[in-house]
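K.L.:
Pasting in a structure now, in structure tokens, and then I'll have a few things to ask.
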Amino acid sequence: MNTSQSSGPATARSDNHDHPEWAIAPSGNEAVLQVSGDWIVDEAVPASLPDDAFKAVQGGSGSALTVDTTRIGRWDSSLVSFLWSAKQAAARTGMTFDVSQLPRGMQRLFSLLPETPQAPATPHTCIPNPFRTSGIFTLATLDEIGAVTTLGIETARTAPKGLSGHGGMRLRDLLSNIFDAGPSALIIVSVVNFLVGAILAFVGAIQLQKFSADIYVANLVGIACVRELSAVMTAIIMAGRTGGAYAARIATMLGNEEIDALQVFGIPISSYILLPAVLSLMIMMPLLYLYGCLMSIAGGYTVAVGMLPDITGAGYIHQTFYAIDLHQFEFGFMKSIVFAVMIGLTACRIGLKAGRSAADVGTAATSAVVVGIVGVIALDAIFAVIANAVGI
Amino acid sequence: MERDATSQATQTLPTDEVLLSLRDITIGYGSKIIQQNVSMDVKRGSIFAIMGGSGCGKSTILRSMIGLLRPKSGGYTVDGDDYWTGPDSHRTALNRRFGVLFQSGALWSSMTVGENVSLPLEMFTRLDKTMTRNLVELKLGFVGLSHAIDLYPSEISGGMRKRAGLARAMALDPDILFFDEPSAGLDPITSARLDDLILSLRDGLGATIVIVSHELPSLFAIADDGIFLDAQTKTPIAHGAPRDLRAHCTDPQVHAFMNREAYTEASPAEPATKGPITNGH
């Protein structure tokens with residue numbers, strides 16, 4: 001490497017746009033870094049300074065590096081950044097960097113910078129241990145189940161007082177929650193349940209036609225939807241729609257210190273937030289389930305009557321009434337109430353333990369939906385086992 | 001409370017009686033310690049300032065004083081009553097004497113400004129609708145927000161939200177008020193009006209006020225006493241009224257803070273101040 005080098009021919013191109021240049025000129029025991037031209041970050045970029053730029057400078061350790069800025073044009077932080085790296089390179093060869101020759105503004109900027117760049121704090125990382133991770137996960141899950149149960153008990157305890165009107169629950173909150181959970185969800189509940197009934201009828205019709213048992217499509221659609229699918233589908237819709245909304249709303253209240261304000265006033269969160277949320281789901285979910293049953297049977301009816309030549313509308317309806325027992329409805333009705341309580345409580349719990357940033361609100365909404373959906377399916381499996389054991 | 005107010009009005013405030021007392025409080029989250037060895041006495045009727053640079057734990061101390069964060073150790077008494085012993089209902093009862101203005105106002109966003117002020121009244125008193133409405137209008141009148149009674153928090157400005165938060169904090173006529181950075185983000189005129197309001201509340205209602213702030217003009221104007229927290233040593237480094245600290249405190253950091261001068265922390269290995277608390281007086 002030469003003691004003197006430049007990034008290119010040092011000819012000026014125009015008055016208002018000089019190409020930025022730099023060169024190192026040794027003068028006696030010292031080195032002078034000459035910079036010239038316009039150093040504007042979005043116009044032109046000079047060659048960067050090699051790490052060992054000052055290795056060959058005579059004098060080496062202890063000598064001073066001065067900067068000659070007499071031929072500099074316009075400059076911005078790209079020049080400061082270049083000189084900052086020159087300072088580091090000089091420091092590595094033991095030279096001192098003399099800022100006194102720099103323009104005043106640049107000296108002020110240099111005074112803001114530390115002598116040497118600080119190493120960024122290295123984040124604490126540890127190798128994931130599958131046993132440890134699964135252990136922590138299990139304990140956390142059990143903790144959460146406990147916390148949700150506690151919330152449920154607290155909410156149930158405040159319910160009589162809240163319903164009587166002097167416990168903190170406002171009727172208006174309950175009504176607005178009921179409206180959000182119920183009537184606003186009618187369209188999506190209709191569409192999903194209608195299509196589920198129609199799909200079942202399609203699948204069933206093709207199979208049952210082989211046995212000339214076309215009319216039993218009504219049994220298949222009726223029993224499957226009333227016992228399982230309408231309750232589960234409606235609950236999944238509510239977990240996604242209402243559960244996510246509850247978690248996001250409560251997490252936002254947390255970030256806005258609204259929950260803190262409630263706590264300081266001694267207004268119980270269980271009656272003020274949890275009760276209207278859980279109660280509105282408990283009221284609307286069974287109704288939506290019944291409505292969902294109706295829609296899915298309508299879906300099955302449309303497909304069966306339209307597709308199968310032997311089935312009349314009256315016959316399908318008669319067969320449906322004949323197939324479904326009242327206690328099938330009771331079972332589905334009970335399940336949807338349990339789903340409602342589970343979705344409401346977990347969503348509120350996830351909202352209440354969220355962090356206080358905007359990203360945390362998103363995370364809370366997502367995990368409320370995920371936990372809600374998985375919870376609904378898991379509870380439904382438990383119900384299936386119980387129903388089998390009891391023989392319903 | 002009404003009785004308190006009339007008896008206080010004849011006295012000069014602040015009094016010498018200690019109302020809130022913190023002894024060797026250590027607070028933190030998890031294994032992280034925010035502040036330790038915090039001891040302070042708030043006299044009845046005084047305006048007590050918790051001061052310090054950004055991130056030194058001022059608001060965290062305030063959160064522990066209103067029951068939102070249990071200290072790791074130390075004692076805290078309210079009017080001689082140990083705050084952290086006993087069941088939750090004990091704290092709830094003591095909190096009934098508190099009014100808190102949070103940093104962002106923390107209005108309940110699903111309710112109008114008027115409903116925000118009336119909810120505590122509806123919950124904890126048996127007043128009829130007209131009486132409640134009158135009280136709400138009075139409290140909003142104090143803070144100059146009578147016109148905003150039927151607006152939602154999202155429809156009013158940040159400064160108005162803060163004043164509405166103040167009206168809500170006063171809803172139950174508390175005798176101890178906590179303000180978390182009341183004038184942060186307010187213009188100088190609004191901020192000065194808020195100072196006047198705080199002084200009027202103290203003199204009119206005989207309230208004791210704890211204020212977290214680093215707004216110097218406001219601190220000099222209203223605070224009678226205070227504590228200065230240091231982020232580096234995680235301890236208080238000065239006690240006294242901001243006015244006195246500005247004039248007499250010898251600690252370089254406190255001096256720089258009070259006189260709004262640039263101050264560079266000493267290197268972590270050698271903290272500028274250690275252990276003993278320098279007194280401003």
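Residues are referred to by chain and number: the chain letter is A, B, ... according to the order shown in the structure tokens, the number counts from 1 in that chain, and ligands are numbered separately from 1 in the order shown.
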With only C-alpha atoms considered, list every residue of chain A at most 12 Å from chain B, as a PyMOL selection string.
P.N.:
chain A and resi 112+161-162+165-170+172-173+176-177+249-250+252-268+271-273
K.L.:
Just the residues within 9 Å of A:Asp380, please, counting only C-alpha atoms, with nothing from its chain fewer than 4 positions along; format it as a list in words.
P.N.:
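The contact residues come out as Glu228, Val232, Lys335, Phe339, Gly375, Val376, Ala384 and Val385 of chain A.
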K.L.:
With only C-alpha atoms as the counted atoms, please give the residues lying no more than 6 Å from B:Thr112, apart from itself and same-chain residues fewer than 6 positions off, as a CSV table (one decimal) with N, CA and C atoms, in the first residue's frame.
P.N.:
chain,number,residue,atom,x,y,z
B,150,ASP,N,-70.5,15.4,27.8
B,150,ASP,CA,-71.1,14.3,27.0
B,150,ASP,C,-70.2,13.8,25.9
B,151,LEU,N,-68.9,14.3,25.9
B,151,LEU,CA,-68.0,13.8,24.9
B,151,LEU,C,-67.2,12.6,25.3
B,152,TYR,N,-66.8,11.8,24.3
B,152,TYR,CA,-66.0,10.6,24.7
B,152,TYR,C,-64.5,11.0,24.7
K.L.:
For a test of reading the model, state the distance in Å between atom CA of B:Gly75 and atom CA of B:Glu181, rounded to one decimal.
P.N.:
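Atom-to-atom, atom CA of B:Gly75 and atom CA of B:Glu181 are spaced 24.6 Å apart.
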K.L.:
Could you give me, as a ChimeraX atom specification, each residue of stretch 72-201 of chain A that DSSP assigns to strand (DSSP E or B) when run on this structure's backbone?
P.N.:
/A:72-75,96-98
K.L.:
As JSON, numbers by chain, which residues of stretch 91-228 of chain B does DSSP assign to helix (DSSP H, G or I)?
P.N.:
{"B": [91, 92, 93, 94, 95, 113, 114, 115, 116, 117, 118, 119, 120, 121, 122, 123, 124, 129, 130, 131, 132, 133, 134, 135, 136, 137, 138, 139, 140, 141, 142, 146, 147, 148, 153, 154, 155, 158, 159, 160, 161, 162, 163, 164, 165, 166, 167, 168, 169, 188, 189, 190, 191, 192, 193, 194, 195, 196, 197, 198, 199, 200, 201, 202, 203, 204, 205, 216, 217, 218, 219, 220, 221, 222]}
K.L.:
Can you work out the spacing between atom CA of A:Ile178 and atom CA of A:Phe383 in Å, to one decimal?
P.N.:
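These two atoms are separated by 26.3 Å.
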K.L.:
Calculated over only C-alpha atoms, which of the candidates A:Ala245, A:Ile237, A:Leu308, A:Ala23 has the smallest distance to A:Ser212?
P.N.:
A:Leu308
K.L.:
May I ask for the distance between atom CA of A:Phe321 and atom CA of A:Ile337, given in Å to one decimal place?
P.N.:
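Atom-to-atom, atom CA of A:Phe321 to atom CA of A:Ile337, that is 23.9 Å.
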K.L.:
Show which residues sit within 12 Å of stretch 183-194 of chain A, as a VMD selection string. Count only C-alpha atoms, and ignore same-chain residues fewer than 5 positions away.
P.N.:
chain A and resid 175 to 178 199 to 201 221 to 222 224 to 226 228 to 242 280 to 281 283 to 285 287 to 303
K.L.:
So that I can see what lies close to A:Leu65, please list as a PyMOL selection string the residues with an atom at most 6 Å from it, counting only C-alpha atoms and leaving out residues fewer than 5 positions away in the same chain.
P.N.:
chain A and resi 31-32+96-98
K.L.:
Using only C-alpha atoms, which residues sit within 8 Å of B:Gly114 once same-chain residues fewer than 5 positions away are excluded, as a ChimeraX atom specification?
P.N.:
/B:136-137,140,148-151
K.L.:
Restricted to N, CA, C and O atoms, what would the selected residues look like written as a PDB file, in the first residue's frame?
P.N.:
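Ended up saving to out00.pdb:
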ATOM      1  N   VAL B 136     -70.968  15.797  39.431  1.00  0.00           N
ATOM      2  CA  VAL B 136     -70.145  15.620  38.233  1.00  0.00           C
ATOM      3  C   VAL B 136     -69.937  16.965  37.551  1.00  0.00           C
ATOM      4  O   VAL B 136     -68.815  17.323  37.165  1.00  0.00           O
ATOM      5  N   GLU B 137     -71.019  17.764  37.454  1.00  0.00           N
ATOM      6  CA  GLU B 137     -70.890  19.073  36.809  1.00  0.00           C
ATOM      7  C   GLU B 137     -69.960  19.984  37.600  1.00  0.00           C
ATOM      8  O   GLU B 137     -69.169  20.736  37.029  1.00  0.00           O
ATOM      9  N   LEU B 140     -66.299  18.810  37.023  1.00  0.00           N
ATOM     10  CA  LEU B 140     -65.860  19.192  35.680  1.00  0.00           C
ATOM     11  C   LEU B 140     -65.738  20.706  35.572  1.00  0.00           C
ATOM     12  O   LEU B 140     -64.894  21.217  34.849  1.00  0.00           O
ATOM     13  N   ALA B 148     -67.629  19.571  28.110  1.00  0.00           N
ATOM     14  CA  ALA B 148     -67.213  18.293  27.510  1.00  0.00           C
ATOM     15  C   ALA B 148     -67.896  17.098  28.163  1.00  0.00           C
ATOM     16  O   ALA B 148     -67.519  15.963  27.906  1.00  0.00           O
ATOM     17  N   ILE B 149     -68.915  17.366  28.972  1.00  0.00           N
ATOM     18  CA  ILE B 149     -69.479  16.310  29.808  1.00  0.00           C
ATOM     19  C   ILE B 149     -69.986  15.117  28.996  1.00  0.00           C
ATOM     20  O   ILE B 149     -69.866  13.976  29.412  1.00  0.00           O
ATOM     21  N   ASP B 150     -70.518  15.377  27.792  1.00  0.00           N
ATOM     22  CA  ASP B 150     -71.077  14.272  27.006  1.00  0.00           C
ATOM     23  C   ASP B 150     -70.172  13.827  25.865  1.00  0.00           C
ATOM     24  O   ASP B 150     -70.610  13.105  24.966  1.00  0.00           O
ATOM     25  N   LEU B 151     -68.896  14.252  25.906  1.00  0.00           N
ATOM     26  CA  LEU B 151     -67.962  13.823  24.860  1.00  0.00           C
ATOM     27  C   LEU B 151     -67.224  12.567  25.317  1.00  0.00           C
ATOM     28  O   LEU B 151     -67.055  12.333  26.507  1.00  0.00           O
TER      29      LEU B 151
END
